[in-house]
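Visitor: Below is the file input-v1.pdb, with PDB, C-alpha atoms and all ligand atoms.
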ATOM      1  CA  MET S  12     151.253 183.422 198.439  1.00  0.00           C
ATOM      2  CA  LYS S  13     150.980 179.669 197.823  1.00  0.00           C
ATOM      3  CA  LYS S  14     148.888 177.341 199.986  1.00  0.00           C
ATOM      4  CA  ILE S  15     149.863 174.647 202.440  1.00  0.00           C
ATOM      5  CA  LYS S  16     147.582 171.644 201.943  1.00  0.00           C
ATOM      6  CA  LEU S  17     147.387 168.834 204.448  1.00  0.00           C
ATOM      7  CA  TYR S  18     146.584 165.566 202.668  1.00  0.00           C
ATOM      8  CA  ILE S  19     146.481 162.605 205.011  1.00  0.00           C
ATOM      9  CA  ALA S  20     144.677 159.376 205.896  1.00  0.00           C
ATOM     10  CA  SER S  21     143.038 159.078 209.301  1.00  0.00           C
ATOM     11  CA  SER S  22     141.159 156.362 211.124  1.00  0.00           C
ATOM     12  CA  LEU S  23     137.614 157.146 212.232  1.00  0.00           C
ATOM     13  CA  ASP S  24     138.903 157.817 215.737  1.00  0.00           C
ATOM     14  CA  GLY S  25     141.532 160.275 214.555  1.00  0.00           C
ATOM     15  CA  TYR S  26     144.759 158.242 214.391  1.00  0.00           C
ATOM     16  CA  ILE S  27     147.258 158.351 211.524  1.00  0.00           C
ATOM     17  CA  ALA S  28     149.366 155.340 212.530  1.00  0.00           C
ATOM     18  CA  HIS S  29     149.520 152.615 215.140  1.00  0.00           C
ATOM     19  CA  SER S  30     151.562 153.568 218.201  1.00  0.00           C
ATOM     20  CA  ASP S  31     154.627 151.810 216.729  1.00  0.00           C
ATOM     21  CA  GLY S  32     154.203 153.714 213.438  1.00  0.00           C
ATOM     22  CA  ALA S  33     152.657 150.765 211.558  1.00  0.00           C
ATOM     23  CA  LEU S  34     150.344 151.603 208.655  1.00  0.00           C
ATOM     24  CA  ASP S  35     149.060 148.064 207.914  1.00  0.00           C
ATOM     25  CA  TRP S  36     145.466 149.145 208.752  1.00  0.00           C
ATOM     26  CA  LEU S  37     145.764 151.545 205.795  1.00  0.00           C
ATOM     27  CA  SER S  38     147.397 149.366 203.160  1.00  0.00           C
ATOM     28  CA  ASP S  39     144.259 147.390 202.219  1.00  0.00           C
ATOM     29  CA  PHE S  40     142.623 150.668 201.219  1.00  0.00           C
ATOM     30  CA  LEU S  41     145.605 151.835 199.171  1.00  0.00           C
ATOM     31  CA  LYS S  42     145.816 148.842 196.841  1.00  0.00           C
ATOM     32  CA  PRO S  43     146.295 150.060 193.286  1.00  0.00           C
ATOM     33  CA  SER S  44     142.971 151.007 191.764  1.00  0.00           C
ATOM     34  CA  LYS S  45     141.900 153.398 189.072  1.00  0.00           C
ATOM     35  CA  ASN S  46     141.083 155.939 191.731  1.00  0.00           C
ATOM     36  CA  ARG S  47     143.969 157.133 193.874  1.00  0.00           C
ATOM     37  CA  HIS S  48     141.905 159.133 196.368  1.00  0.00           C
ATOM     38  CA  GLY S  49     142.897 162.505 194.882  1.00  0.00           C
ATOM     39  CA  TYR S  50     146.633 161.823 195.212  1.00  0.00           C
ATOM     40  CA  ASP S  51     147.440 162.428 191.535  1.00  0.00           C
ATOM     41  CA  GLU S  52     145.594 165.780 191.505  1.00  0.00           C
ATOM     42  CA  LEU S  53     147.487 166.788 194.620  1.00  0.00           C
ATOM     43  CA  MET S  54     150.847 165.862 193.097  1.00  0.00           C
ATOM     44  CA  ASP S  55     150.010 167.925 190.003  1.00  0.00           C
ATOM     45  CA  ALA S  56     149.248 170.947 192.190  1.00  0.00           C
ATOM     46  CA  ILE S  57     152.357 170.947 194.385  1.00  0.00           C
ATOM     47  CA  ASP S  58     156.104 171.352 193.938  1.00  0.00           C
ATOM     48  CA  THR S  59     157.138 171.282 197.587  1.00  0.00           C
ATOM     49  CA  ILE S  60     156.596 168.787 200.399  1.00  0.00           C
ATOM     50  CA  ILE S  61     157.003 169.298 204.132  1.00  0.00           C
ATOM     51  CA  MET S  62     157.006 166.579 206.810  1.00  0.00           C
ATOM     52  CA  GLY S  63     158.077 165.946 210.383  1.00  0.00           C
ATOM     53  CA  SER S  64     161.213 163.944 211.004  1.00  0.00           C
ATOM     54  CA  LYS S  65     159.336 160.948 212.434  1.00  0.00           C
ATOM     55  CA  THR S  66     157.345 160.688 209.214  1.00  0.00           C
ATOM     56  CA  TYR S  67     160.572 161.075 207.193  1.00  0.00           C
ATOM     57  CA  HIS S  68     162.270 158.251 209.072  1.00  0.00           C
ATOM     58  CA  GLU S  69     159.205 155.986 208.736  1.00  0.00           C
ATOM     59  CA  ILE S  70     159.327 156.488 204.951  1.00  0.00           C
ATOM     60  CA  ILE S  71     163.079 155.833 204.866  1.00  0.00           C
ATOM     61  CA  GLU S  72     162.608 152.611 206.827  1.00  0.00           C
ATOM     62  CA  SER S  73     159.780 151.346 204.613  1.00  0.00           C
ATOM     63  CA  ASN S  74     160.974 152.350 201.137  1.00  0.00           C
ATOM     64  CA  PHE S  75     163.918 151.209 199.101  1.00  0.00           C
ATOM     65  CA  ASP S  76     163.809 154.385 197.027  1.00  0.00           C
ATOM     66  CA  TRP S  77     162.853 157.941 198.001  1.00  0.00           C
ATOM     67  CA  PRO S  78     159.332 158.376 196.504  1.00  0.00           C
ATOM     68  CA  TYR S  79     159.305 162.170 196.004  1.00  0.00           C
ATOM     69  CA  LYS S  80     162.385 162.809 193.854  1.00  0.00           C
ATOM     70  CA  THR S  81     160.553 165.140 191.477  1.00  0.00           C
ATOM     71  CA  LYS S  82     159.528 167.465 194.344  1.00  0.00           C
ATOM     72  CA  THR S  83     161.533 169.492 196.828  1.00  0.00           C
ATOM     73  CA  THR S  84     161.116 168.088 200.333  1.00  0.00           C
ATOM     74  CA  TYR S  85     161.731 169.871 203.632  1.00  0.00           C
ATOM     75  CA  VAL S  86     161.936 167.806 206.818  1.00  0.00           C
ATOM     76  CA  ILE S  87     161.326 169.551 210.134  1.00  0.00           C
ATOM     77  CA  SER S  88     163.609 168.455 212.956  1.00  0.00           C
ATOM     78  CA  HIS S  89     165.810 169.761 215.756  1.00  0.00           C
ATOM     79  CA  ARG S  90     168.812 168.249 213.975  1.00  0.00           C
ATOM     80  CA  ASN S  91     169.906 167.301 210.485  1.00  0.00           C
ATOM     81  CA  THR S  92     169.750 163.540 209.899  1.00  0.00           C
ATOM     82  CA  ASN S  93     169.390 163.777 206.124  1.00  0.00           C
ATOM     83  CA  LEU S  94     170.002 160.520 204.258  1.00  0.00           C
ATOM     84  CA  ASN S  95     168.664 161.792 200.898  1.00  0.00           C
ATOM     85  CA  GLU S  96     170.573 164.955 200.034  1.00  0.00           C
ATOM     86  CA  ASN S  97     170.733 163.854 196.403  1.00  0.00           C
ATOM     87  CA  ASP S  98     166.960 163.352 196.228  1.00  0.00           C
ATOM     88  CA  ASN S  99     165.987 167.003 196.713  1.00  0.00           C
ATOM     89  CA  VAL S 100     165.531 166.507 200.478  1.00  0.00           C
ATOM     90  CA  ASN S 101     166.473 169.346 202.842  1.00  0.00           C
ATOM     91  CA  PHE S 102     166.185 169.768 206.599  1.00  0.00           C
ATOM     92  CA  ILE S 103     164.826 172.818 208.451  1.00  0.00           C
ATOM     93  CA  THR S 104     166.237 172.761 211.980  1.00  0.00           C
ATOM     94  CA  GLU S 105     165.766 176.349 213.187  1.00  0.00           C
ATOM     95  CA  ASN S 106     163.328 179.249 212.821  1.00  0.00           C
ATOM     96  CA  ILE S 107     160.828 176.602 211.721  1.00  0.00           C
ATOM     97  CA  THR S 108     157.680 178.665 211.239  1.00  0.00           C
ATOM     98  CA  GLU S 109     159.565 181.624 209.707  1.00  0.00           C
ATOM     99  CA  ASN S 110     161.203 179.296 207.195  1.00  0.00           C
ATOM    100  CA  ILE S 111     157.871 177.662 206.342  1.00  0.00           C
ATOM    101  CA  GLU S 112     156.313 181.098 205.815  1.00  0.00           C
ATOM    102  CA  LYS S 113     159.224 181.840 203.477  1.00  0.00           C
ATOM    103  CA  LEU S 114     158.481 178.643 201.539  1.00  0.00           C
ATOM    104  CA  LYS S 115     154.861 179.753 201.154  1.00  0.00           C
ATOM    105  CA  ARG S 116     156.033 183.075 199.766  1.00  0.00           C
ATOM    106  CA  GLU S 117     158.661 181.632 197.423  1.00  0.00           C
ATOM    107  CA  SER S 118     157.203 178.324 196.147  1.00  0.00           C
ATOM    108  CA  LYS S 119     155.978 178.363 192.573  1.00  0.00           C
ATOM    109  CA  SER S 120     153.186 175.887 193.360  1.00  0.00           C
ATOM    110  CA  ASP S 121     151.320 174.785 196.466  1.00  0.00           C
ATOM    111  CA  ILE S 122     152.904 172.810 199.283  1.00  0.00           C
ATOM    112  CA  TRP S 123     151.865 169.356 200.551  1.00  0.00           C
ATOM    113  CA  LEU S 124     151.963 168.933 204.289  1.00  0.00           C
ATOM    114  CA  VAL S 125     152.389 165.162 204.649  1.00  0.00           C
ATOM    115  CA  GLY S 126     152.239 165.111 208.472  1.00  0.00           C
ATOM    116  CA  GLY S 127     152.652 163.787 211.033  1.00  0.00           C
ATOM    117  CA  GLY S 128     150.545 164.972 213.872  1.00  0.00           C
ATOM    118  CA  GLN S 129     153.203 166.942 215.741  1.00  0.00           C
ATOM    119  CA  LEU S 130     154.017 169.036 212.689  1.00  0.00           C
ATOM    120  CA  ILE S 131     150.309 169.498 211.901  1.00  0.00           C
ATOM    121  CA  THR S 132     149.651 170.942 215.360  1.00  0.00           C
ATOM    122  CA  LEU S 133     152.693 173.221 215.126  1.00  0.00           C
ATOM    123  CA  LEU S 134     151.430 174.639 211.829  1.00  0.00           C
ATOM    124  CA  LEU S 135     147.805 174.876 213.018  1.00  0.00           C
ATOM    125  CA  ASN S 136     148.964 176.900 215.995  1.00  0.00           C
ATOM    126  CA  HIS S 137     150.668 179.354 213.627  1.00  0.00           C
ATOM    127  CA  ASP S 138     147.764 179.536 211.137  1.00  0.00           C
ATOM    128  CA  LEU S 139     149.969 178.053 208.438  1.00  0.00           C
ATOM    129  CA  ILE S 140     147.563 175.431 207.035  1.00  0.00           C
ATOM    130  CA  ASP S 141     145.194 176.665 204.323  1.00  0.00           C
ATOM    131  CA  GLU S 142     143.460 173.467 203.248  1.00  0.00           C
ATOM    132  CA  MET S 143     142.999 169.972 204.648  1.00  0.00           C
ATOM    133  CA  GLN S 144     142.113 166.872 202.643  1.00  0.00           C
ATOM    134  CA  ILE S 145     141.462 164.082 205.098  1.00  0.00           C
ATOM    135  CA  CYS S 146     140.882 160.555 203.803  1.00  0.00           C
ATOM    136  CA  TYR S 147     138.858 158.838 206.491  1.00  0.00           C
ATOM    137  CA  VAL S 148     139.501 155.102 206.612  1.00  0.00           C
ATOM    138  CA  PRO S 149     136.540 153.143 208.011  1.00  0.00           C
ATOM    139  CA  ALA S 150     138.528 151.609 210.845  1.00  0.00           C
ATOM    140  CA  ILE S 151     138.827 152.315 214.554  1.00  0.00           C
ATOM    141  CA  LEU S 152     142.309 151.815 216.000  1.00  0.00           C
ATOM    142  CA  GLY S 153     141.621 152.557 219.661  1.00  0.00           C
ATOM    143  CA  GLU S 154     145.071 154.067 220.138  1.00  0.00           C
ATOM    144  CA  GLY S 155     147.935 155.293 218.003  1.00  0.00           C
ATOM    145  CA  VAL S 156     149.596 158.452 216.666  1.00  0.00           C
ATOM    146  CA  PRO S 157     146.979 161.227 216.794  1.00  0.00           C
ATOM    147  CA  LEU S 158     146.119 163.364 213.791  1.00  0.00           C
ATOM    148  CA  PHE S 159     145.815 166.442 216.024  1.00  0.00           C
ATOM    149  CA  PRO S 160     147.956 165.906 219.161  1.00  0.00           C
ATOM    150  CA  ASN S 161     148.842 168.293 221.969  1.00  0.00           C
ATOM    151  CA  LYS S 162     145.641 170.353 221.943  1.00  0.00           C
ATOM    152  CA  PRO S 163     145.984 172.600 218.893  1.00  0.00           C
ATOM    153  CA  LYS S 164     144.384 176.011 219.265  1.00  0.00           C
ATOM    154  CA  GLU S 165     140.768 176.418 218.173  1.00  0.00           C
ATOM    155  CA  SER S 166     140.156 176.980 214.462  1.00  0.00           C
ATOM    156  CA  LYS S 167     137.158 176.708 212.168  1.00  0.00           C
ATOM    157  CA  TRP S 168     136.988 174.956 208.809  1.00  0.00           C
ATOM    158  CA  GLU S 169     134.529 174.871 205.943  1.00  0.00           C
ATOM    159  CA  ILE S 170     133.758 171.608 204.109  1.00  0.00           C
ATOM    160  CA  VAL S 171     134.142 172.328 200.401  1.00  0.00           C
ATOM    161  CA  LYS S 172     133.931 168.799 198.965  1.00  0.00           C
ATOM    162  CA  THR S 173     133.312 165.207 199.979  1.00  0.00           C
ATOM    163  CA  GLN S 174     134.076 162.132 197.930  1.00  0.00           C
ATOM    164  CA  ILE S 175     133.401 158.470 198.675  1.00  0.00           C
ATOM    165  CA  TYR S 176     135.654 155.979 196.934  1.00  0.00           C
ATOM    166  CA  ASP S 177     135.119 152.326 195.998  1.00  0.00           C
ATOM    167  CA  SER S 178     137.920 151.485 198.408  1.00  0.00           C
ATOM    168  CA  GLY S 179     135.640 152.519 201.280  1.00  0.00           C
ATOM    169  CA  MET S 180     137.548 155.708 202.050  1.00  0.00           C
ATOM    170  CA  MET S 181     135.805 159.071 202.266  1.00  0.00           C
ATOM    171  CA  LYS S 182     137.847 162.182 201.476  1.00  0.00           C
ATOM    172  CA  VAL S 183     136.673 165.427 202.996  1.00  0.00           C
ATOM    173  CA  ASP S 184     138.207 168.676 201.727  1.00  0.00           C
ATOM    174  CA  TYR S 185     138.243 171.591 204.157  1.00  0.00           C
ATOM    175  CA  ASN S 186     139.234 175.214 203.617  1.00  0.00           C
ATOM    176  CA  LYS S 187     140.245 177.391 206.538  1.00  0.00           C
ATOM    177  CA  ASP S 188     137.265 179.490 207.568  1.00  0.00           C
ATOM    178  CA  LYS S 189     138.371 183.015 206.682  1.00  0.00           C
ATOM    179  CA  LEU S 190     136.595 184.453 209.726  1.00  0.00           C
ATOM    180  CA  SER S 191     138.386 182.181 212.240  1.00  0.00           C
TER     181      SER S 191
HETATM  182  N1  LIG M   1     148.186 158.213 207.857  1.00  0.00           N
HETATM  183  C1  LIG M   1     148.942 159.005 207.118  1.00  0.00           C
HETATM  184  O1  LIG M   1     148.560 159.396 205.989  1.00  0.00           O
HETATM  185  C2  LIG M   1     150.246 159.498 207.689  1.00  0.00           C
HETATM  186  C3  LIG M   1     150.848 160.643 207.116  1.00  0.00           C
HETATM  187  C4  LIG M   1     152.015 161.125 207.700  1.00  0.00           C
HETATM  188  C5  LIG M   1     152.571 160.481 208.793  1.00  0.00           C
HETATM  189  N2  LIG M   1     151.991 159.366 209.284  1.00  0.00           N
HETATM  190  C6  LIG M   1     152.582 158.668 210.451  1.00  0.00           C
HETATM  191  O2  LIG M   1     152.654 159.572 211.549  1.00  0.00           O
HETATM  192  C7  LIG M   1     153.739 159.166 212.387  1.00  0.00           C
HETATM  193  C8  LIG M   1     154.590 160.378 212.738  1.00  0.00           C
HETATM  194  O3  LIG M   1     153.797 161.407 213.303  1.00  0.00           O
HETATM  195  P1  LIG M   1     154.295 162.176 214.623  1.00  0.00           P
HETATM  196  O4  LIG M   1     153.254 163.154 215.004  1.00  0.00           O
HETATM  197  O5  LIG M   1     154.729 161.163 215.634  1.00  0.00           O
HETATM  198  O6  LIG M   1     155.628 162.892 214.158  1.00  0.00           O
HETATM  199  P2  LIG M   1     155.989 163.970 212.998  1.00  0.00           P
HETATM  200  O7  LIG M   1     155.116 165.158 213.107  1.00  0.00           O
HETATM  201  O8  LIG M   1     156.102 163.278 211.685  1.00  0.00           O
HETATM  202  O9  LIG M   1     157.485 164.347 213.420  1.00  0.00           O
HETATM  203  C9  LIG M   1     157.763 164.810 214.720  1.00  0.00           C
HETATM  204  C10 LIG M   1     159.169 165.381 214.729  1.00  0.00           C
HETATM  205  O10 LIG M   1     159.173 166.633 214.025  1.00  0.00           O
HETATM  206  C11 LIG M   1     160.147 167.465 214.607  1.00  0.00           C
HETATM  207  N3  LIG M   1     159.506 168.651 215.155  1.00  0.00           N
HETATM  208  C12 LIG M   1     158.219 168.814 215.550  1.00  0.00           C
HETATM  209  N4  LIG M   1     158.049 170.073 216.031  1.00  0.00           N
HETATM  210  C13 LIG M   1     159.251 170.699 215.931  1.00  0.00           C
HETATM  211  C14 LIG M   1     159.724 172.000 216.255  1.00  0.00           C
HETATM  212  N5  LIG M   1     158.925 172.930 216.794  1.00  0.00           N
HETATM  213  N6  LIG M   1     161.016 172.281 216.005  1.00  0.00           N
HETATM  214  C15 LIG M   1     161.850 171.364 215.455  1.00  0.00           C
HETATM  215  N7  LIG M   1     161.444 170.117 215.121  1.00  0.00           N
HETATM  216  C16 LIG M   1     160.177 169.794 215.373  1.00  0.00           C
HETATM  217  C17 LIG M   1     160.811 166.667 215.738  1.00  0.00           C
HETATM  218  O11 LIG M   1     161.893 165.996 215.127  1.00  0.00           O
HETATM  219  P3  LIG M   1     163.259 165.570 215.897  1.00  0.00           P
HETATM  220  O12 LIG M   1     162.809 164.603 216.975  1.00  0.00           O
HETATM  221  O13 LIG M   1     164.067 164.932 214.815  1.00  0.00           O
HETATM  222  O14 LIG M   1     163.851 166.824 216.436  1.00  0.00           O
HETATM  223  C18 LIG M   1     159.701 165.683 216.122  1.00  0.00           C
HETATM  224  O15 LIG M   1     160.181 164.519 216.770  1.00  0.00           O
HETATM  225  C19 LIG M   1     154.524 158.136 211.611  1.00  0.00           C
HETATM  226  O16 LIG M   1     154.210 156.839 212.145  1.00  0.00           O
HETATM  227  C20 LIG M   1     154.014 158.254 210.201  1.00  0.00           C
HETATM  228  O17 LIG M   1     154.066 157.052 209.463  1.00  0.00           O
HETATM  229  C21 LIG M   1     150.828 158.858 208.769  1.00  0.00           C
END
Represent the structure of the file as structure tokens.
Guide:
Amino acid sequence: MKKIKLYIASSLDGYIAHSDGALDWLSDFLKPSKNRHGYDELMDAIDTIIMGSKTYHEIIESNFDWPYKTKTTYVISHRNTNLNENDNVNFITENITENIEKLKRESKSDIWLVGGGQLITLLLNHDLIDEMQICYVPAILGEGVPLFPNKPKESKWEIVKTQIYDSGMMKVDYNKDKLS
């Protein structure tokens, strides 16, 4: 069984975007540098990407080209609004958790859970996230799109690694506590 790994950037107060979806608070920390905050290692380890439809549409609106052509992407939504069928992008619109469990069973490599918060909580509530790599950005937004919205059920996590980058970001790697 392959793992689902959340890899995401969060503000100190637990937001992943401004309320309007803007990520400008993040871009200063993502300027090209020799260290890419573990992104390259993640991309080497995964062959499949899953994301919520709001995240998908934010990427579509901000990118000229689909950035994940070499991976297979699944977008979770109630309806199919796929604009990238030729870029290995697929939609899952029913039996969401069953289909994600099937991906875990059938993927050849691990799976990157991109976000956003709604999808994270859905998967937390079904014990479908195995690892979390959270890049904490030293900024407080005050309000925005929460990393963990809608009161996910209680779960326990073990810190397995921390890394501080020159950019100012700190990445904390968590594994699901096997006893929780
Ligand atoms: N900081 C970062 O690293 C980072 C990473 C990822 C995302 N983000 C940001 O996070 C924001 C989006 O997060 P979000 O929490 O608002 O949304 P999201 O999780 O990306 O997507 C929510 C959508 O997923 C679908 N969905 C959720 N649960 C479902 C279910 N049970 N069945 C069917 N479909 C379901 C629905 O799509 P439909 O409405 O289409 O049915 C829902 O509107 C964006 O601004 C994005 O840029 C930031």
Visitor: Find, counting only C-alpha atoms and all ligand atoms, the residue in S:Ile60, S:Ala20, S:Ile103, S:Leu94 that gets nearest to ligand LIG 1 (chain M).
Guide: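 That would be S:Ala20, the residue with the smallest distance to ligand LIG 1 (chain M).
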Visitor: What gap, in Å, lies between atom O12 of ligand LIG 1 (chain M) and CA of Ser88 in chain S?
Guide: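 Between atom O12 of ligand LIG 1 (chain M) and CA of Ser88 in chain S the gap works out to 5.6 Å.
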Visitor: As a check of understanding, name the residues that the PyMOL selection byres (((not hetatm)) within 9 of (chain M and resi 1)) selects in the supplied structure, as a ChimeraX atom specification.
Guide: /S:18-22,26-34,37,62-70,86-92,103-108,124-133,145-146,155-160
Visitor: Which is closest to Leu114 in chain S among S:Ala56, S:Ile71, S:Leu139, S:Ala150, if we use only C-alpha atoms?
Guide: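 Looking only at the distances to Leu114 in chain S, the closest residue turns out to be S:Leu139.
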Visitor: Pick out the closest residue to Glu154 in chain S from this set: S:Lys13, S:His137, S:Gly25, S:Thr59. Count all atoms listed in the file.
Guide: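 Going through S:Lys13, S:His137, S:Gly25, S:Thr59 one by one, the smallest distance to Glu154 in chain S is for S:Gly25.
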Visitor: May I ask for the distance between CA of Lys16 in chain S and CA of Ile57 in chain S, given in Å to one decimal place?
Guide: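 Between CA of Lys16 in chain S and CA of Ile57 in chain S the gap works out to 9.0 Å.
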Visitor: On this structure, the PyMOL selection byres (((chain S and resi 179-187) around 6) and not hetatm) would catch which residues? List them as a list in words, sorted by chain and number.
Guide: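 Taken over the shown coordinates, the PyMOL selection byres (((chain S and resi 179-187) around 6) and not hetatm) returns Asp141, Glu142, Met143, Gln144, Ile145, Cys146, Tyr147, Val148, Trp168, Glu169, Ile170, Val171, Lys172, Thr173, Gln174, Ile175, Tyr176, Asp177, Ser178, Asp188 and Lys189 of chain S.
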Visitor: If you measure from CA of Ser120 in chain S to CA of Lys14 in chain S, what distance in Å do you get, rounded to one decimal?
Guide: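 Separation between CA of Ser120 in chain S and CA of Lys14 in chain S: 8.0 Å.
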